[in-house]
>>> print(open('input.cif').read())   # mmCIF, C-alpha atoms and all ligand atoms
data_model
#
loop_
_atom_site.label_atom_id
_atom_site.label_comp_id
_atom_site.auth_asym_id
_atom_site.auth_seq_id
_atom_site.Cartn_x
_atom_site.Cartn_y
_atom_site.Cartn_z
CA MET A 17 7.10 27.89 5.28
CA SER A 18 4.15 28.18 2.93
CA ARG A 19 4.70 30.09 -0.29
CA LYS A 20 2.46 32.00 -2.64
CA GLY A 21 2.56 31.98 -6.41
CA LYS A 22 0.48 31.85 -9.55
CA ALA A 23 -1.08 28.66 -10.87
CA VAL A 24 -3.08 27.59 -13.91
CA ILE A 25 -6.41 26.17 -12.76
CA ALA A 26 -9.31 24.37 -14.42
CA ARG A 27 -12.43 25.42 -12.51
CA GLN A 28 -15.16 24.30 -14.93
CA VAL A 29 -15.34 21.61 -17.59
CA ASN A 30 -14.93 23.05 -21.08
CA ALA A 31 -14.23 26.56 -19.82
CA PRO A 32 -10.97 28.45 -20.38
CA VAL A 33 -8.33 27.96 -17.71
CA VAL A 34 -7.77 30.72 -15.16
CA VAL A 35 -4.54 31.97 -13.59
CA GLU A 36 -4.86 32.59 -9.86
CA GLN A 37 -2.72 33.33 -6.86
CA ILE A 38 -2.46 30.19 -4.72
CA GLU A 39 -0.83 29.23 -1.44
CA VAL A 40 1.28 26.09 -1.19
CA ASP A 41 2.00 24.53 2.20
CA SER A 42 5.45 23.46 3.31
CA PRO A 43 6.50 19.92 2.49
CA ARG A 44 5.72 17.32 5.15
CA ARG A 45 7.48 13.99 5.63
CA ASP A 46 8.88 12.61 2.34
CA GLU A 47 7.83 15.68 0.39
CA ILE A 48 9.72 18.46 -1.39
CA MET A 49 8.75 21.95 -2.45
CA ILE A 50 9.77 22.97 -5.95
CA LYS A 51 10.05 26.35 -7.57
CA LEU A 52 9.05 25.58 -11.14
CA ALA A 53 11.12 26.87 -14.06
CA ALA A 54 9.06 25.40 -16.91
CA CYS A 55 6.00 23.27 -17.57
CA GLY A 56 4.90 21.74 -20.86
CA VAL A 57 1.33 22.20 -22.06
CA CYS A 58 0.22 18.64 -22.74
CA HIS A 59 -2.82 17.11 -24.38
CA SER A 60 -3.64 15.33 -21.11
CA ASP A 61 -4.08 18.73 -19.43
CA LEU A 62 -6.54 19.57 -22.19
CA SER A 63 -8.25 16.21 -21.57
CA ALA A 64 -8.74 17.21 -17.94
CA ILE A 65 -10.21 20.54 -19.05
CA ASN A 66 -12.65 19.05 -21.56
CA GLY A 67 -13.63 16.04 -19.46
CA THR A 68 -11.98 13.30 -21.58
CA ILE A 69 -10.14 12.43 -18.38
CA ALA A 70 -12.68 12.89 -15.58
CA MET A 71 -10.88 14.89 -12.87
CA PRO A 72 -12.24 16.54 -9.76
CA LEU A 73 -12.28 20.33 -10.15
CA PRO A 74 -10.97 22.85 -9.26
CA LEU A 75 -7.69 21.40 -10.43
CA ILE A 76 -4.19 22.84 -10.73
CA LEU A 77 -3.02 21.62 -14.12
CA GLY A 78 0.44 20.50 -15.15
CA HIS A 79 2.32 17.22 -14.96
CA GLU A 80 5.30 18.02 -17.21
CA GLY A 81 7.40 20.27 -15.05
CA ALA A 82 11.02 21.00 -14.18
CA GLY A 83 12.37 23.20 -11.44
CA THR A 84 14.54 23.56 -8.38
CA VAL A 85 14.02 22.23 -4.85
CA VAL A 86 13.48 25.11 -2.40
CA GLU A 87 12.52 23.16 0.73
CA VAL A 88 12.61 19.54 1.85
CA GLY A 89 10.36 17.82 4.38
CA GLU A 90 11.28 15.55 7.28
CA GLY A 91 13.07 12.34 6.35
CA VAL A 92 14.04 13.46 2.85
CA THR A 93 17.54 12.25 2.03
CA ASP A 94 17.57 11.96 -1.77
CA PHE A 95 16.94 15.65 -2.45
CA ALA A 96 18.51 18.84 -1.17
CA VAL A 97 17.70 22.52 -1.62
CA GLY A 98 19.06 23.65 -4.98
CA ASP A 99 18.69 20.28 -6.76
CA ALA A 100 17.26 20.34 -10.27
CA VAL A 101 14.28 18.00 -10.59
CA ILE A 102 11.75 16.78 -13.13
CA SER A 103 8.25 15.75 -12.09
CA SER A 104 7.00 12.21 -12.68
CA PHE A 105 3.24 12.03 -13.06
CA VAL A 106 3.21 8.52 -11.64
CA ASN A 107 4.20 8.00 -8.06
CA MET A 108 6.75 5.18 -7.73
CA CYS A 109 6.28 3.61 -4.31
CA GLY A 110 9.14 1.14 -4.85
CA LYS A 111 7.34 -1.61 -2.93
CA CYS A 112 4.30 -2.83 -4.87
CA ARG A 113 4.48 -5.82 -7.25
CA TYR A 114 4.79 -3.49 -10.27
CA CYS A 115 7.58 -1.39 -8.81
CA VAL A 116 9.60 -4.42 -7.70
CA THR A 117 9.29 -6.01 -11.15
CA GLY A 118 10.60 -2.92 -12.95
CA ARG A 119 7.27 -1.45 -14.03
CA PRO A 120 6.87 1.57 -11.75
CA HIS A 121 4.65 3.32 -14.32
CA LEU A 122 1.94 0.83 -13.28
CA CYS A 123 2.54 1.43 -9.54
CA ASP A 124 -0.51 0.72 -7.36
CA VAL A 125 0.13 3.83 -5.28
CA GLY A 126 0.62 5.92 -8.41
CA ALA A 127 -2.74 4.73 -9.78
CA LYS A 128 -4.45 6.17 -6.70
CA ALA A 129 -2.47 9.42 -6.53
CA PHE A 130 -4.57 10.99 -9.26
CA ALA A 131 -5.70 14.39 -8.00
CA ALA A 132 -3.95 14.66 -4.64
CA LEU A 133 -0.72 13.61 -2.95
CA PRO A 134 -0.33 9.82 -2.44
CA ASP A 135 -1.80 10.02 1.08
CA GLY A 136 -4.89 11.77 -0.32
CA SER A 137 -4.11 15.16 1.21
CA LEU A 138 -3.44 18.50 -0.48
CA ARG A 139 -0.91 21.28 0.20
CA THR A 140 -2.60 23.72 -2.16
CA LYS A 141 -5.36 26.26 -1.59
CA ASP A 142 -6.82 29.25 -3.40
CA ALA A 143 -7.01 32.88 -2.23
CA GLN A 144 -10.19 32.06 -0.26
CA GLY A 145 -8.43 29.21 1.52
CA LYS A 146 -10.36 26.48 -0.36
CA PRO A 147 -8.36 23.36 -1.29
CA LEU A 148 -7.21 22.89 -4.89
CA ASN A 149 -6.71 19.44 -6.43
CA ILE A 150 -3.48 18.72 -8.27
CA PHE A 151 -3.26 16.93 -11.62
CA SER A 152 -1.60 13.52 -11.30
CA ALA A 153 -0.19 14.35 -7.86
CA CYS A 154 1.83 17.10 -9.56
CA GLY A 155 -0.06 20.31 -10.35
CA VAL A 156 3.17 21.80 -11.66
CA MET A 157 1.67 24.39 -14.00
CA ALA A 158 2.35 26.74 -11.14
CA GLU A 159 5.19 28.86 -9.84
CA VAL A 160 5.54 26.59 -6.82
CA ALA A 161 4.43 23.05 -5.96
CA THR A 162 4.86 20.53 -3.15
CA LEU A 163 5.37 16.97 -4.38
CA HIS A 164 5.96 13.58 -2.83
CA VAL A 165 9.58 12.48 -3.33
CA ASN A 166 8.33 9.52 -5.39
CA ASN A 167 6.85 11.94 -7.93
CA ALA A 168 10.18 13.64 -8.61
CA VAL A 169 13.47 12.69 -10.23
CA LYS A 170 16.72 14.52 -9.55
CA ILE A 171 18.73 15.40 -12.64
CA ALA A 172 22.29 16.54 -13.17
CA PRO A 173 22.84 20.30 -13.39
CA GLY A 174 23.34 21.88 -16.80
CA MET A 175 20.12 20.83 -18.49
CA PRO A 176 18.00 23.70 -19.88
CA MET A 177 14.73 23.66 -17.94
CA PRO A 178 12.10 23.93 -20.73
CA GLN A 179 13.77 20.98 -22.47
CA ALA A 180 14.02 19.07 -19.18
CA ALA A 181 10.29 19.56 -18.55
CA LEU A 182 9.35 17.93 -21.85
CA ILE A 183 11.15 14.75 -20.86
CA SER A 184 8.70 14.12 -18.04
CA CYS A 185 5.66 13.41 -20.19
CA GLY A 186 5.59 13.82 -23.98
CA VAL A 187 9.11 12.63 -24.70
CA MET A 188 9.03 9.79 -22.17
CA THR A 189 5.63 8.62 -23.42
CA GLY A 190 6.55 8.67 -27.10
CA VAL A 191 10.17 7.53 -27.08
CA GLY A 192 9.44 5.06 -24.26
CA ALA A 193 6.64 3.40 -26.24
CA VAL A 194 9.25 2.59 -28.89
CA ILE A 195 12.27 1.61 -26.82
CA ASN A 196 10.65 0.21 -23.66
CA THR A 197 7.28 -1.18 -24.75
CA ALA A 198 7.64 -2.27 -28.39
CA ARG A 199 11.45 -2.50 -28.51
CA VAL A 200 11.46 -1.61 -32.20
CA ALA A 201 14.26 -3.45 -34.03
CA PRO A 202 16.72 -1.77 -36.41
CA GLY A 203 15.45 -1.79 -39.98
CA ALA A 204 11.81 -2.29 -38.97
CA SER A 205 8.91 -0.67 -40.79
CA VAL A 206 6.68 1.47 -38.58
CA LEU A 207 3.35 3.20 -38.94
CA VAL A 208 2.66 6.15 -36.61
CA ILE A 209 -0.92 7.47 -36.55
CA GLY A 210 -1.10 10.97 -35.08
CA ALA A 211 1.87 13.37 -35.27
CA GLY A 212 1.08 15.57 -32.26
CA GLY A 213 3.34 16.04 -29.23
CA VAL A 214 3.48 12.33 -28.41
CA GLY A 215 3.38 11.11 -32.03
CA LEU A 216 6.44 13.20 -32.92
CA ASN A 217 8.28 11.56 -30.05
CA VAL A 218 7.24 8.10 -31.22
CA ILE A 219 8.65 9.07 -34.62
CA GLN A 220 11.96 10.27 -33.19
CA GLY A 221 12.09 7.19 -30.93
CA CYS A 222 11.78 5.01 -34.05
CA ALA A 223 14.56 7.00 -35.72
CA ILE A 224 16.78 6.53 -32.63
CA ALA A 225 15.96 2.79 -32.67
CA GLY A 226 17.11 2.62 -36.30
CA ALA A 227 13.76 1.87 -37.94
CA GLY A 228 14.03 1.61 -41.72
CA MET A 229 10.69 3.00 -42.82
CA ILE A 230 8.68 5.41 -40.65
CA ILE A 231 5.27 6.27 -42.06
CA ALA A 232 3.57 9.19 -40.30
CA VAL A 233 -0.15 9.82 -40.63
CA ASP A 234 -2.00 12.97 -39.59
CA LEU A 235 -4.86 15.14 -40.80
CA ALA A 236 -2.78 18.33 -40.66
CA ASP A 237 -0.09 19.01 -43.26
CA ASN A 238 1.92 21.21 -40.85
CA LYS A 239 2.18 18.21 -38.48
CA LEU A 240 3.36 16.02 -41.34
CA GLU A 241 6.09 18.55 -42.12
CA LEU A 242 7.21 18.35 -38.48
CA ALA A 243 7.02 14.55 -38.69
CA LYS A 244 9.64 14.63 -41.46
CA GLN A 245 11.94 16.78 -39.32
CA PHE A 246 11.65 14.19 -36.55
CA GLY A 247 12.53 11.26 -38.79
CA ALA A 248 9.46 10.19 -40.78
CA THR A 249 10.51 8.73 -44.12
CA HIS A 250 6.96 8.81 -45.52
CA THR A 251 3.93 10.96 -44.69
CA LEU A 252 0.27 10.38 -45.46
CA ASN A 253 -2.60 12.79 -44.89
CA GLY A 254 -5.29 10.60 -43.32
CA GLY A 255 -8.02 12.90 -44.59
CA LYS A 256 -6.96 12.44 -48.18
CA GLU A 257 -6.17 8.71 -48.07
CA GLU A 258 -9.04 6.64 -49.41
CA ASN A 259 -7.76 3.41 -47.91
CA LEU A 260 -4.99 4.00 -45.40
CA VAL A 261 -4.50 0.31 -44.56
CA LYS A 262 -4.12 -0.64 -48.22
CA THR A 263 -1.62 2.17 -48.82
CA VAL A 264 0.47 1.13 -45.81
CA LYS A 265 0.44 -2.52 -46.88
CA LYS A 266 1.60 -1.51 -50.33
CA LEU A 267 4.39 0.72 -49.01
CA THR A 268 5.65 -1.91 -46.58
CA GLY A 269 5.19 -4.95 -48.81
CA GLY A 270 2.50 -6.63 -46.73
CA GLY A 271 2.10 -4.59 -43.54
CA ALA A 272 4.16 -2.66 -41.02
CA ASP A 273 6.20 -4.47 -38.38
CA TYR A 274 4.87 -2.05 -35.77
CA ALA A 275 2.06 0.49 -35.64
CA PHE A 276 1.64 3.16 -32.96
CA GLU A 277 -1.74 4.79 -32.43
CA CYS A 278 -1.19 8.18 -30.80
CA ILE A 279 -4.70 9.63 -30.89
CA GLY A 280 -6.85 7.47 -28.59
CA LEU A 281 -9.71 6.48 -30.91
CA GLY A 282 -11.04 2.96 -31.47
CA LYS A 283 -11.33 3.62 -35.18
CA THR A 284 -7.67 4.49 -35.63
CA VAL A 285 -6.60 1.64 -33.32
CA GLU A 286 -8.45 -0.70 -35.68
CA GLN A 287 -6.59 0.80 -38.65
CA ALA A 288 -3.28 0.35 -36.83
CA PHE A 289 -4.09 -3.31 -36.12
CA ARG A 290 -5.16 -4.00 -39.69
CA ALA A 291 -2.08 -2.29 -41.12
CA ILE A 292 0.48 -4.51 -39.36
CA ARG A 293 1.89 -7.65 -40.95
CA LYS A 294 1.58 -11.19 -39.65
CA GLY A 295 3.38 -11.35 -36.32
CA GLY A 296 3.33 -7.56 -36.10
CA THR A 297 2.59 -5.42 -33.06
CA ALA A 298 0.13 -2.56 -32.75
CA VAL A 299 0.69 -0.29 -29.74
CA VAL A 300 -1.98 2.05 -28.40
CA VAL A 301 -0.35 5.17 -26.95
CA GLY A 302 -3.27 7.61 -27.28
CA VAL A 303 -5.60 8.21 -24.33
CA ALA A 304 -9.19 7.36 -25.26
CA ARG A 305 -12.44 8.38 -23.61
CA GLY A 306 -13.85 5.81 -21.19
CA GLU A 307 -16.72 4.83 -23.48
CA ASP A 308 -14.49 4.37 -26.55
CA ALA A 309 -14.06 0.77 -27.77
CA THR A 310 -11.91 -1.09 -30.28
CA SER A 311 -13.03 -4.04 -32.38
CA VAL A 312 -10.59 -6.37 -34.13
CA MET A 313 -11.05 -9.54 -36.14
CA THR A 314 -10.53 -12.28 -33.55
CA ALA A 315 -9.23 -14.83 -36.07
CA SER A 316 -6.38 -12.53 -37.11
CA ILE A 317 -5.05 -12.69 -33.56
CA THR A 318 -4.71 -16.47 -33.90
CA PHE A 319 -3.93 -17.08 -37.54
CA GLU A 320 -1.72 -14.03 -38.03
CA GLU A 321 -0.29 -13.93 -34.50
CA LYS A 322 -0.90 -10.21 -34.32
CA THR A 323 -0.35 -8.42 -31.04
CA LEU A 324 -2.42 -5.49 -29.80
CA THR A 325 -0.94 -3.88 -26.73
CA GLY A 326 -0.85 -0.60 -24.88
CA SER A 327 1.92 1.66 -23.68
CA TYR A 328 1.26 3.86 -20.68
CA TYR A 329 3.81 6.59 -19.98
CA GLY A 330 6.19 4.84 -22.36
CA GLY A 331 6.72 2.04 -19.85
CA ALA A 332 8.68 4.63 -17.87
CA ARG A 333 11.12 3.84 -15.13
CA PRO A 334 11.62 7.56 -14.52
CA ARG A 335 14.71 7.29 -12.30
CA GLU A 336 16.43 5.24 -15.00
CA ASP A 337 14.89 6.66 -18.16
CA PHE A 338 14.94 10.44 -17.50
CA PRO A 339 18.76 10.52 -17.20
CA ARG A 340 19.02 8.23 -20.25
CA LEU A 341 16.88 10.60 -22.32
CA ILE A 342 18.94 13.57 -21.11
CA GLY A 343 22.05 11.66 -22.25
CA LEU A 344 20.52 11.20 -25.70
CA TYR A 345 19.78 14.95 -25.83
CA HIS A 346 23.36 15.87 -24.94
CA ALA A 347 24.56 13.39 -27.58
CA LYS A 348 22.37 15.28 -30.09
CA LYS A 349 20.30 12.17 -30.81
CA LEU A 350 17.12 13.36 -29.09
CA LYS A 351 15.49 16.49 -30.47
CA LEU A 352 14.13 18.65 -27.66
CA ASP A 353 14.93 22.21 -28.82
CA GLU A 354 13.02 21.49 -32.02
CA LEU A 355 9.97 20.34 -30.06
CA ILE A 356 9.47 23.71 -28.42
CA THR A 357 7.53 25.78 -30.92
CA ARG A 358 6.62 28.53 -28.49
CA THR A 359 7.08 29.53 -24.87
CA TYR A 360 4.45 31.36 -22.84
CA ALA A 361 4.32 33.40 -19.66
CA ILE A 362 1.95 31.92 -17.09
CA ASP A 363 -0.56 34.72 -17.74
CA GLU A 364 -0.78 33.49 -21.35
CA ALA A 365 -1.92 30.01 -20.28
CA ALA A 366 -5.37 30.30 -21.91
CA GLN A 367 -3.67 31.18 -25.20
CA ALA A 368 -1.31 28.23 -24.79
CA PHE A 369 -4.27 25.86 -24.54
CA ALA A 370 -6.03 27.50 -27.48
CA ASP A 371 -2.88 26.98 -29.55
CA LEU A 372 -2.67 23.35 -28.40
CA GLU A 373 -6.26 22.74 -29.41
CA ALA A 374 -5.68 24.35 -32.80
CA GLY A 375 -2.59 22.17 -33.35
CA ARG A 376 -0.29 25.17 -33.78
CA ASN A 377 2.63 23.83 -31.73
CA ALA A 378 4.80 20.75 -31.61
CA ARG A 379 4.92 21.68 -27.95
CA GLY A 380 4.10 24.85 -26.07
CA VAL A 381 5.94 25.42 -22.80
CA ILE A 382 5.10 27.80 -19.98
CA VAL A 383 8.29 29.36 -18.67
CA PHE A 384 8.13 30.87 -15.18
ZN ZN A 401 1.26 14.77 -20.58
ZN ZN A 402 4.66 0.87 -6.56
#
>>> encode(input="input.cif", output="structure tokens", more="lines below")
Ligand SMILES: [Zn+2]
Ligand SMILES: [Zn+2]
Amino acid sequence: MSRKGKAVIARQVNAPVVVEQIEVDSPRRDEIMIKLAACGVCHSDLSAINGTIAMPLPLILGHEGAGTVVEVGEGVTDFAVGDAVISSFVNMCGKCRYCVTGRPHLCDVGAKAFAALPDGSLRTKDAQGKPLNIFSACGVMAEVATLHVNNAVKIAPGMPMPQAALISCGVMTGVGAVINTARVAPGASVLVIGAGGVGLNVIQGCAIAGAGMIIAVDLADNKLELAKQFGATHTLNGGKEENLVKTVKKLTGGGADYAFECIGLGKTVEQAFRAIRKGGTAVVVGVARGEDATSVMTASITFEEKTLTGSYYGGARPREDFPRLIGLYHAKKLKLDELITRTYAIDEAAQAFADLEAGRNARGVIVF
């Protein structure tokens, strides 16, 4: 049966989000309906609000959710009512060339399921009966959502839900960039530019991987303090550094082994590339605007064998990686409690985004 509940919606670019009563249709074949328990407030949601990521509006926000299955559609065998699940903002079809080679985060179906379910349809409408798009086939900043089974991962019971939600985007993206994409080696020196929600997770990923030196860079001193709590051995305020690249080269004795850019700006990507040593790897994790470009010295790619690469969603294989990350949390190696600066009721969503924009939180989480 269809269910009603509140949802956080972006109706206009650059306008505050609104909380509205919506109606969500029953799951059809290969779909499940989830009652959400928590949803992280992520920078990508903000990017959809301010147009950095061009999304069709009106849009139900949210792609970092955790909750419980309340109804399953026809043909669903992997989920049952009562199961705890985390959303995956990429659909994993399991059949395309990327899925079958272990890179489901690049799934061809997932790339198309951007603002609707994978088949292009929607189960969500507003109080006037008009359809509402859903962010990344999720739209889980809502009390209830219907997802395709390939956008959800079942987890073992016993995981606190706000912490579980964070795994599905910020933690996976940051920690995954380190352990899946770059495969940072023990003892390595690492530069991390940007200590926001994802940057902090890159930093803790480096700590988990056993990096020797972790240099965190941000413009905000409160973020640099957090960076230390998450494992940074050195912090630099980018606004006060006259020559960041020179400072990093001096600290590392010639350049960092790895650099992670977690902002999404050509200028800082260039700094990351220049700050790595010969044979080093610079990884772009930040999401840039479409018109943004990066320029690097071509000869340094050849003569210094430098690598510039990207990491999308931390190279996630959600069905494998989400349980692994939960295991690291239970083993007290992955900091999730410390990431949650503040929780919000759904009616406080506009405040949650204002706090995100002002950089007040490591992570804000809406708890339903
Ligand atoms: Zn996100
Ligand atoms: Zn696929």
>>> residues_near_ligand(input="input.cif", ligand="ligand ZN 401 (chain A)", cutoff="6 Å", atoms="only C-alpha atoms and all ligand atoms", output="list of chain:residue names")
A:Cys58, A:Ser60, A:Cys185, A:Gly186
>>> closest_atom_pairs(input="input.cif", of="stretch 311-379 of chain A", to="stretch 74-97 of chain A", cutoff="12 Å", atoms="all atoms listed in the file", output="Markdown table")
| residue | atom | partner | partner_atom | distance |
| --- | --- | --- | --- | --- |
| A:Tyr329 | CA | A:His79 | CA | 11.8 |
| A:Arg335 | CA | A:Asp94 | CA | 11.9 |
| A:Phe338 | CA | A:Ala82 | CA | 11.7 |
| A:Ile362 | CA | A:Gly78 | CA | 11.7 |
| A:Ala365 | CA | A:Leu77 | CA | 10.5 |
| A:Ala366 | CA | A:Leu77 | CA | 11.9 |
| A:Phe369 | CA | A:Leu77 | CA | 11.3 |
| A:Arg379 | CA | A:Glu80 | CA | 11.4 |
>>> closest_atom_pairs(input="input.cif", of="chain A", to="ligand ZN 402 (chain A)", cutoff="9 Å", atoms="all atoms listed in the file", output="CSV")
residue,atom,partner,partner_atom,distance
A:Asn107,CA,A:ZN402,ZN,7.3
A:Met108,CA,A:ZN402,ZN,4.9
A:Cys109,CA,A:ZN402,ZN,3.9
A:Gly110,CA,A:ZN402,ZN,4.8
A:Lys111,CA,A:ZN402,ZN,5.1
A:Cys112,CA,A:ZN402,ZN,4.1
A:Arg113,CA,A:ZN402,ZN,6.7
A:Tyr114,CA,A:ZN402,ZN,5.7
A:Cys115,CA,A:ZN402,ZN,4.3
A:Val116,CA,A:ZN402,ZN,7.3
A:Arg119,CA,A:ZN402,ZN,8.2
A:Pro120,CA,A:ZN402,ZN,5.7
A:His121,CA,A:ZN402,ZN,8.1
A:Leu122,CA,A:ZN402,ZN,7.2
A:Cys123,CA,A:ZN402,ZN,3.7
A:Asp124,CA,A:ZN402,ZN,5.2
A:Val125,CA,A:ZN402,ZN,5.6
A:Gly126,CA,A:ZN402,ZN,6.7
A:Ala127,CA,A:ZN402,ZN,8.9
>>> write_last_selection(input="input.cif", atoms="C-alpha atoms", output="tab-separated table (two decimals), in the coordinates of the input")
chain	number	residue	atom	x	y	z
A	107	ASN	CA	4.20	8.00	-8.06
A	108	MET	CA	6.75	5.18	-7.73
A	109	CYS	CA	6.28	3.61	-4.31
A	110	GLY	CA	9.14	1.14	-4.85
A	111	LYS	CA	7.34	-1.61	-2.93
A	112	CYS	CA	4.30	-2.83	-4.87
A	113	ARG	CA	4.48	-5.82	-7.25
A	114	TYR	CA	4.79	-3.49	-10.27
A	115	CYS	CA	7.58	-1.39	-8.81
A	116	VAL	CA	9.60	-4.42	-7.70
A	119	ARG	CA	7.27	-1.45	-14.03
A	120	PRO	CA	6.87	1.57	-11.75
A	121	HIS	CA	4.65	3.32	-14.32
A	122	LEU	CA	1.94	0.83	-13.28
A	123	CYS	CA	2.54	1.43	-9.54
A	124	ASP	CA	-0.51	0.72	-7.36
A	125	VAL	CA	0.13	3.83	-5.28
A	126	GLY	CA	0.62	5.92	-8.41
A	127	ALA	CA	-2.74	4.73	-9.78
>>> residues_near_point(input="input.cif", point="(23.8, 16.7, -7.3)", cutoff="9 Å", atoms="only C-alpha atoms", output="ChimeraX atom specification")
/A:95-96,98-100,170-173
>>> residues_around(input="input.cif", residues="A:Val218", least_positions_apart="2", cutoff="10 Å", atoms="only C-alpha atoms", output="number ranges by chain")
A: 186-195, 206-216, 220-224, 230, 232, 243, 246-247, 276-278, 301, 330
>>> residues_near_point(input="input.cif", point="(-12.5, 24.4, -15.7)", cutoff="9 Å", atoms="only C-alpha atoms", output="PDB file with C-alpha atoms, in the frame of the given file")
ATOM      1  CA  ILE A  25      -6.410  26.170 -12.760  1.00  0.00           C
ATOM      2  CA  ALA A  26      -9.310  24.370 -14.420  1.00  0.00           C
ATOM      3  CA  ARG A  27     -12.430  25.420 -12.510  1.00  0.00           C
ATOM      4  CA  GLN A  28     -15.160  24.300 -14.930  1.00  0.00           C
ATOM      5  CA  VAL A  29     -15.340  21.610 -17.590  1.00  0.00           C
ATOM      6  CA  ASN A  30     -14.930  23.050 -21.080  1.00  0.00           C
ATOM      7  CA  ALA A  31     -14.230  26.560 -19.820  1.00  0.00           C
ATOM      8  CA  PRO A  32     -10.970  28.450 -20.380  1.00  0.00           C
ATOM      9  CA  VAL A  33      -8.330  27.960 -17.710  1.00  0.00           C
ATOM     10  CA  VAL A  34      -7.770  30.720 -15.160  1.00  0.00           C
ATOM     11  CA  ALA A  64      -8.740  17.210 -17.940  1.00  0.00           C
ATOM     12  CA  ILE A  65     -10.210  20.540 -19.050  1.00  0.00           C
ATOM     13  CA  ASN A  66     -12.650  19.050 -21.560  1.00  0.00           C
ATOM     14  CA  LEU A  73     -12.280  20.330 -10.150  1.00  0.00           C
ATOM     15  CA  PRO A  74     -10.970  22.850  -9.260  1.00  0.00           C
ATOM     16  CA  LEU A  75      -7.690  21.400 -10.430  1.00  0.00           C
TER      17      LEU A  75
END
>>> closest_residue(input="input.cif", among="A:Ala347, A:Ala298, A:Ala291, A:Met177", to="A:Leu260", atoms="all atoms listed in the file")
A:Ala291
>>> atom_distance(input="input.cif", atom1="atom CA of A:Ala248", atom2="atom CA of A:Gly226")
11.7 Å
>>> residues_around(input="input.cif", residues="A:Leu252", least_positions_apart="5", cutoff="10 Å", atoms="only C-alpha atoms", output="mmCIF file with C-alpha atoms, in the frame of the given file")
data_model
loop_
_atom_site.group_PDB
_atom_site.id
_atom_site.type_symbol
_atom_site.label_atom_id
_atom_site.label_comp_id
_atom_site.auth_asym_id
_atom_site.auth_seq_id
_atom_site.Cartn_x
_atom_site.Cartn_y
_atom_site.Cartn_z
ATOM 1 C CA ILE A 209 -0.920 7.470 -36.550
ATOM 2 C CA ILE A 231 5.270 6.270 -42.060
ATOM 3 C CA ALA A 232 3.570 9.190 -40.300
ATOM 4 C CA VAL A 233 -0.150 9.820 -40.630
ATOM 5 C CA ASP A 234 -2.000 12.970 -39.590
ATOM 6 C CA LEU A 235 -4.860 15.140 -40.800
ATOM 7 C CA ALA A 236 -2.780 18.330 -40.660
ATOM 8 C CA ASP A 237 -0.090 19.010 -43.260
ATOM 9 C CA LEU A 240 3.360 16.020 -41.340
ATOM 10 C CA GLU A 257 -6.170 8.710 -48.070
ATOM 11 C CA LEU A 260 -4.990 4.000 -45.400
ATOM 12 C CA THR A 263 -1.620 2.170 -48.820
ATOM 13 C CA VAL A 264 0.470 1.130 -45.810
#
>>> atom_distance(input="input.cif", atom1="atom CA of A:His164", atom2="atom CA of A:Thr197")
26.5 Å
>>> residues_around(input="input.cif", residues="A:Asp308", least_positions_apart="3", cutoff="12 Å", atoms="only C-alpha atoms", output="list in words")
Thr68, Ile279, Gly280, Leu281, Gly282, Lys283, Thr284, Val285, Gly302, Val303, Ala304, Arg305 and Ser311 of chain A
>>> atom_distance(input="input.cif", atom1="atom CA of A:Ala143", atom2="atom CA of A:Lys22")
10.5 Å
>>> residues_around(input="input.cif", residues="A:Thr359", least_positions_apart="2", cutoff="12 Å", atoms="all atoms listed in the file", output="list of chain:residue names")
A:Ala53, A:Ala54, A:Cys55, A:Gly56, A:Val57, A:Met177, A:Pro178, A:Gln179, A:Asp353, A:Leu355, A:Ile356, A:Thr357, A:Ala361, A:Ile362, A:Asp363, A:Glu364, A:Ala365, A:Gln367, A:Ala368, A:Phe369, A:Asp371, A:Asn377, A:Ala378, A:Arg379, A:Gly380, A:Val381, A:Ile382, A:Val383, A:Phe384
>>> write_last_selection(input="input.cif", atoms="C-alpha atoms", output="mmCIF file, in the coordinates of the input")
data_model
loop_
_atom_site.group_PDB
_atom_site.id
_atom_site.type_symbol
_atom_site.label_atom_id
_atom_site.label_comp_id
_atom_site.auth_asym_id
_atom_site.auth_seq_id
_atom_site.Cartn_x
_atom_site.Cartn_y
_atom_site.Cartn_z
ATOM 1 C CA ALA A 53 11.120 26.870 -14.060
ATOM 2 C CA ALA A 54 9.060 25.400 -16.910
ATOM 3 C CA CYS A 55 6.000 23.270 -17.570
ATOM 4 C CA GLY A 56 4.900 21.740 -20.860
ATOM 5 C CA VAL A 57 1.330 22.200 -22.060
ATOM 6 C CA MET A 177 14.730 23.660 -17.940
ATOM 7 C CA PRO A 178 12.100 23.930 -20.730
ATOM 8 C CA GLN A 179 13.770 20.980 -22.470
ATOM 9 C CA ASP A 353 14.930 22.210 -28.820
ATOM 10 C CA LEU A 355 9.970 20.340 -30.060
ATOM 11 C CA ILE A 356 9.470 23.710 -28.420
ATOM 12 C CA THR A 357 7.530 25.780 -30.920
ATOM 13 C CA ALA A 361 4.320 33.400 -19.660
ATOM 14 C CA ILE A 362 1.950 31.920 -17.090
ATOM 15 C CA ASP A 363 -0.560 34.720 -17.740
ATOM 16 C CA GLU A 364 -0.780 33.490 -21.350
ATOM 17 C CA ALA A 365 -1.920 30.010 -20.280
ATOM 18 C CA GLN A 367 -3.670 31.180 -25.200
ATOM 19 C CA ALA A 368 -1.310 28.230 -24.790
ATOM 20 C CA PHE A 369 -4.270 25.860 -24.540
ATOM 21 C CA ASP A 371 -2.880 26.980 -29.550
ATOM 22 C CA ASN A 377 2.630 23.830 -31.730
ATOM 23 C CA ALA A 378 4.800 20.750 -31.610
ATOM 24 C CA ARG A 379 4.920 21.680 -27.950
ATOM 25 C CA GLY A 380 4.100 24.850 -26.070
ATOM 26 C CA VAL A 381 5.940 25.420 -22.800
ATOM 27 C CA ILE A 382 5.100 27.800 -19.980
ATOM 28 C CA VAL A 383 8.290 29.360 -18.670
ATOM 29 C CA PHE A 384 8.130 30.870 -15.180
#
